Amino acid sequence: MYKILLVDDQPQYIEQVLQALHPRAQDYQLLFANNGQRALDLLKELAVDLILLDWDMPVLNGLETLKVLKSTEGLMDIPVIMHTGVHTASKDLQQAFELGAIDFLRKPVDATELLARLENVLSRQAYMQETLRLESEKADLCLELKQKELLLYAIWLEEKNGFLKKFERELGEFVQEQAHAEVRKRGQLLLRQLQQEIQAKSQWEGLRNKVNKTYEDFLRQFEEKHPQLSVGDLKLAALIRVKSPNQEIADSLHIALDSVSKKKLRLRNKLGFSSSADLEQYILDF
């Protein structure tokens, strides 16, 4: 059942509205206030679905009440239909709409028109609320999926890192067991390469987590928009995003300092920018 607050100081009009709604008494509950201030006081205690608001009233008139309603948290979303027998000029209607009224009725009330307007406004309000509910559910679902995705990624990463650490340990043991000098030397070289790779992977994951935590999933969104980029390109973009100087970029990527500008040039070409400044500004604003 919908609750409708009728704000009017004319008993005869209240009676007209009661008669108009009588055939639909099972659908509508009518509440009353004889001026705007009384309506605002009632709304502190009662929740309503719609307000029928008269224009000319003592204490606080319709427009003054409408201004308060549309500037008060918790009340501003209640749909308001203005009704009057005097202020029916176009400029009056425009003023009411600009202040937040959703519809307009002229006195004396026509029962068919009143019911039609009520059903139209309330059904539209119900549709908007359902849309907001579905959007909220969608946002919650996306968040849940994202959390699951991050959890699965963390599990996979832990398993991968565990495998690499185990492989590193077993390779080290294997190398130590070798009596042949050349085999041991080759094994030690492979072990150092593996350790460097593990360290680089660890640094990359740390950088990735830092960037995503600070800049709200920057890397994931950047990678989705530019799927042609390599892991090296993404690392460079992440370092640019956190405003790393060229020396830090070189150290993080294990390259010479003069190679940084070359990597930036390749990234610029892939993304279609004519200057390093344009590339860096794009990444900083992304």
# chains A, B, ... in the order shown; residues from 1 in each chain; ligands from 1

call {"tool": "residues_around", "arguments": {"residues": "stretch 117-130 of chain A", "least_positions_apart": "2", "cutoff": "12 Å", "atoms": "only C-alpha atoms", "output": "ChimeraX atom specification"}}
result
/A:1-5,17,20-21,24,27-28,48-52,77-83,101-106,109-115,132-137

call {"tool": "write_last_selection", "arguments": {"atoms": "C-alpha atoms", "output": "PDB file, in the first residue's frame"}}
result
ATOM      1  CA  MET A   1       0.000   0.000   0.000  1.00  0.00           C
ATOM      2  CA  TYR A   2       1.298   3.429  -0.961  1.00  0.00           C
ATOM      3  CA  LYS A   3       1.303   6.217   1.657  1.00  0.00           C
ATOM      4  CA  ILE A   4       0.342   9.617   0.276  1.00  0.00           C
ATOM      5  CA  LEU A   5       0.668  12.822   2.277  1.00  0.00           C
ATOM      6  CA  VAL A  17      -9.317  13.628  -2.918  1.00  0.00           C
ATOM      7  CA  ALA A  20     -11.398  10.074  -5.729  1.00  0.00           C
ATOM      8  CA  LEU A  21      -9.227   7.530  -3.937  1.00  0.00           C
ATOM      9  CA  ARG A  24      -8.626   2.303  -4.578  1.00  0.00           C
ATOM     10  CA  ASP A  27      -3.862   0.636  -2.694  1.00  0.00           C
ATOM     11  CA  TYR A  28      -3.562   4.083  -1.102  1.00  0.00           C
ATOM     12  CA  VAL A  48       5.589   8.433   2.650  1.00  0.00           C
ATOM     13  CA  ASP A  49       5.742   7.475  -1.025  1.00  0.00           C
ATOM     14  CA  LEU A  50       4.348  10.693  -2.506  1.00  0.00           C
ATOM     15  CA  ILE A  51       3.289  14.204  -1.467  1.00  0.00           C
ATOM     16  CA  LEU A  52       0.295  16.123  -2.874  1.00  0.00           C
ATOM     17  CA  ASP A  77      13.744  11.945  -3.153  1.00  0.00           C
ATOM     18  CA  ILE A  78      10.033  11.907  -2.259  1.00  0.00           C
ATOM     19  CA  PRO A  79       8.084  12.780  -5.442  1.00  0.00           C
ATOM     20  CA  VAL A  80       5.931  15.908  -5.083  1.00  0.00           C
ATOM     21  CA  ILE A  81       2.840  16.788  -7.132  1.00  0.00           C
ATOM     22  CA  MET A  82       1.811  20.431  -6.780  1.00  0.00           C
ATOM     23  CA  HIS A  83      -1.869  21.294  -6.964  1.00  0.00           C
ATOM     24  CA  ALA A 101       8.009  19.207  -8.375  1.00  0.00           C
ATOM     25  CA  ILE A 102       7.533  16.124 -10.527  1.00  0.00           C
ATOM     26  CA  ASP A 103       3.985  16.876 -11.723  1.00  0.00           C
ATOM     27  CA  PHE A 104       1.147  19.394 -11.469  1.00  0.00           C
ATOM     28  CA  LEU A 105      -2.613  19.153 -10.858  1.00  0.00           C
ATOM     29  CA  ARG A 106      -5.250  21.840 -11.196  1.00  0.00           C
ATOM     30  CA  VAL A 109      -9.596  17.641  -8.847  1.00  0.00           C
ATOM     31  CA  ASP A 110     -10.745  15.205 -11.518  1.00  0.00           C
ATOM     32  CA  ALA A 111     -10.806  11.693 -10.040  1.00  0.00           C
ATOM     33  CA  THR A 112      -9.639   9.967 -13.240  1.00  0.00           C
ATOM     34  CA  GLU A 113      -6.799  12.430 -13.771  1.00  0.00           C
ATOM     35  CA  LEU A 114      -5.720  12.223 -10.128  1.00  0.00           C
ATOM     36  CA  LEU A 115      -5.523   8.416 -10.198  1.00  0.00           C
ATOM     37  CA  LEU A 132      19.021   1.599  -8.400  1.00  0.00           C
ATOM     38  CA  ARG A 133      18.638  -1.693  -6.531  1.00  0.00           C
ATOM     39  CA  LEU A 134      19.778  -3.684  -9.567  1.00  0.00           C
ATOM     40  CA  GLU A 135      22.716  -1.335 -10.128  1.00  0.00           C
ATOM     41  CA  SER A 136      23.681  -1.733  -6.475  1.00  0.00           C
ATOM     42  CA  GLU A 137      23.455  -5.515  -6.772  1.00  0.00           C
TER      43      GLU A 137
END

call {"tool": "residues_around", "arguments": {"residues": "stretch 73-76 of chain A", "least_positions_apart": "6", "cutoff": "12 Å", "atoms": "only C-alpha atoms", "output": "ChimeraX atom specification"}}
result
/A:39-51,65-67,99-102

call {"tool": "write_last_selection", "arguments": {"atoms": "N, CA and C atoms", "output": "mmCIF file, in the first residue's frame"}}
result
data_model
loop_
_atom_site.group_PDB
_atom_site.id
_atom_site.type_symbol
_atom_site.label_atom_id
_atom_site.label_comp_id
_atom_site.auth_asym_id
_atom_site.auth_seq_id
_atom_site.Cartn_x
_atom_site.Cartn_y
_atom_site.Cartn_z
ATOM 1 N N ALA A 39 3.435 19.452 7.686
ATOM 2 C CA ALA A 39 3.881 18.345 6.834
ATOM 3 C C ALA A 39 5.329 17.965 7.147
ATOM 4 N N LEU A 40 6.183 18.982 7.280
ATOM 5 C CA LEU A 40 7.594 18.711 7.567
ATOM 6 C C LEU A 40 7.754 18.048 8.935
ATOM 7 N N ASP A 41 6.933 18.455 9.899
ATOM 8 C CA ASP A 41 6.977 17.830 11.223
ATOM 9 C C ASP A 41 6.557 16.373 11.147
ATOM 10 N N LEU A 42 5.512 16.079 10.374
ATOM 11 C CA LEU A 42 5.052 14.694 10.219
ATOM 12 C C LEU A 42 6.108 13.823 9.549
ATOM 13 N N LEU A 43 6.791 14.410 8.587
ATOM 14 C CA LEU A 43 7.784 13.642 7.827
ATOM 15 C C LEU A 43 9.018 13.292 8.652
ATOM 16 N N LYS A 44 9.180 13.911 9.823
ATOM 17 C CA LYS A 44 10.260 13.522 10.719
ATOM 18 C C LYS A 44 9.983 12.154 11.341
ATOM 19 N N GLU A 45 8.695 11.784 11.382
ATOM 20 C CA GLU A 45 8.295 10.542 12.041
ATOM 21 C C GLU A 45 7.737 9.514 11.064
ATOM 22 N N LEU A 46 7.229 9.972 9.906
ATOM 23 C CA LEU A 46 6.558 9.076 8.974
ATOM 24 C C LEU A 46 7.285 9.031 7.631
ATOM 25 N N ALA A 47 7.247 7.864 7.020
ATOM 26 C CA ALA A 47 7.786 7.714 5.665
ATOM 27 C C ALA A 47 6.614 7.642 4.697
ATOM 28 N N VAL A 48 6.670 8.433 3.637
ATOM 29 C CA VAL A 48 5.589 8.433 2.650
ATOM 30 C C VAL A 48 6.168 8.194 1.267
ATOM 31 N N ASP A 49 5.305 7.772 0.342
ATOM 32 C CA ASP A 49 5.742 7.475 -1.025
ATOM 33 C C ASP A 49 5.539 8.650 -1.970
ATOM 34 N N LEU A 50 4.652 9.572 -1.606
ATOM 35 C CA LEU A 50 4.348 10.693 -2.506
ATOM 36 C C LEU A 50 3.690 11.801 -1.694
ATOM 37 N N ILE A 51 3.890 13.051 -2.133
ATOM 38 C CA ILE A 51 3.289 14.204 -1.467
ATOM 39 C C ILE A 51 2.448 14.977 -2.471
ATOM 40 N N THR A 65 7.617 25.092 1.205
ATOM 41 C CA THR A 65 7.729 23.703 1.661
ATOM 42 C C THR A 65 8.534 22.872 0.675
ATOM 43 N N LEU A 66 8.281 23.091 -0.613
ATOM 44 C CA LEU A 66 8.989 22.349 -1.662
ATOM 45 C C LEU A 66 10.491 22.610 -1.588
ATOM 46 N N LYS A 67 10.864 23.866 -1.343
ATOM 47 C CA LYS A 67 12.289 24.211 -1.226
ATOM 48 C C LYS A 67 12.944 23.442 -0.079
ATOM 49 N N LEU A 99 11.855 24.008 -8.934
ATOM 50 C CA LEU A 99 12.111 23.760 -7.517
ATOM 51 C C LEU A 99 12.078 22.269 -7.173
ATOM 52 N N GLY A 100 11.632 21.432 -8.122
ATOM 53 C CA GLY A 100 11.707 19.991 -7.873
ATOM 54 C C GLY A 100 10.400 19.237 -7.941
ATOM 55 N N ALA A 101 9.277 19.929 -8.237
ATOM 56 C CA ALA A 101 8.009 19.207 -8.375
ATOM 57 C C ALA A 101 8.087 18.268 -9.574
ATOM 58 N N ILE A 102 7.456 17.099 -9.451
ATOM 59 C CA ILE A 102 7.533 16.124 -10.527
ATOM 60 C C ILE A 102 6.302 16.170 -11.429
#

call {"tool": "residues_around", "arguments": {"residues": "stretch 241-243 of chain A", "least_positions_apart": "3", "cutoff": "8 Å", "atoms": "only C-alpha atoms", "output": "JSON, numbers by chain"}}
result
{"A": [211, 237, 238, 280, 283, 284]}

call {"tool": "closest_residue", "arguments": {"among": "A:Ser230, A:Gln29, A:Ser275, A:Gln37", "to": "A:Asp9", "atoms": "only C-alpha atoms"}}
result
A:Gln37

call {"tool": "residues_around", "arguments": {"residues": "stretch 258-265 of chain A", "least_positions_apart": "6", "cutoff": "8 Å", "atoms": "only C-alpha atoms", "output": "PyMOL selection string"}}
result
chain A and resi 233+236+246+249-250+276

call {"tool": "closest_residue", "arguments": {"among": "A:Leu18, A:Leu6, A:Ala25, A:Leu239", "to": "A:Arg38", "atoms": "only C-alpha atoms"}}
result
A:Leu6
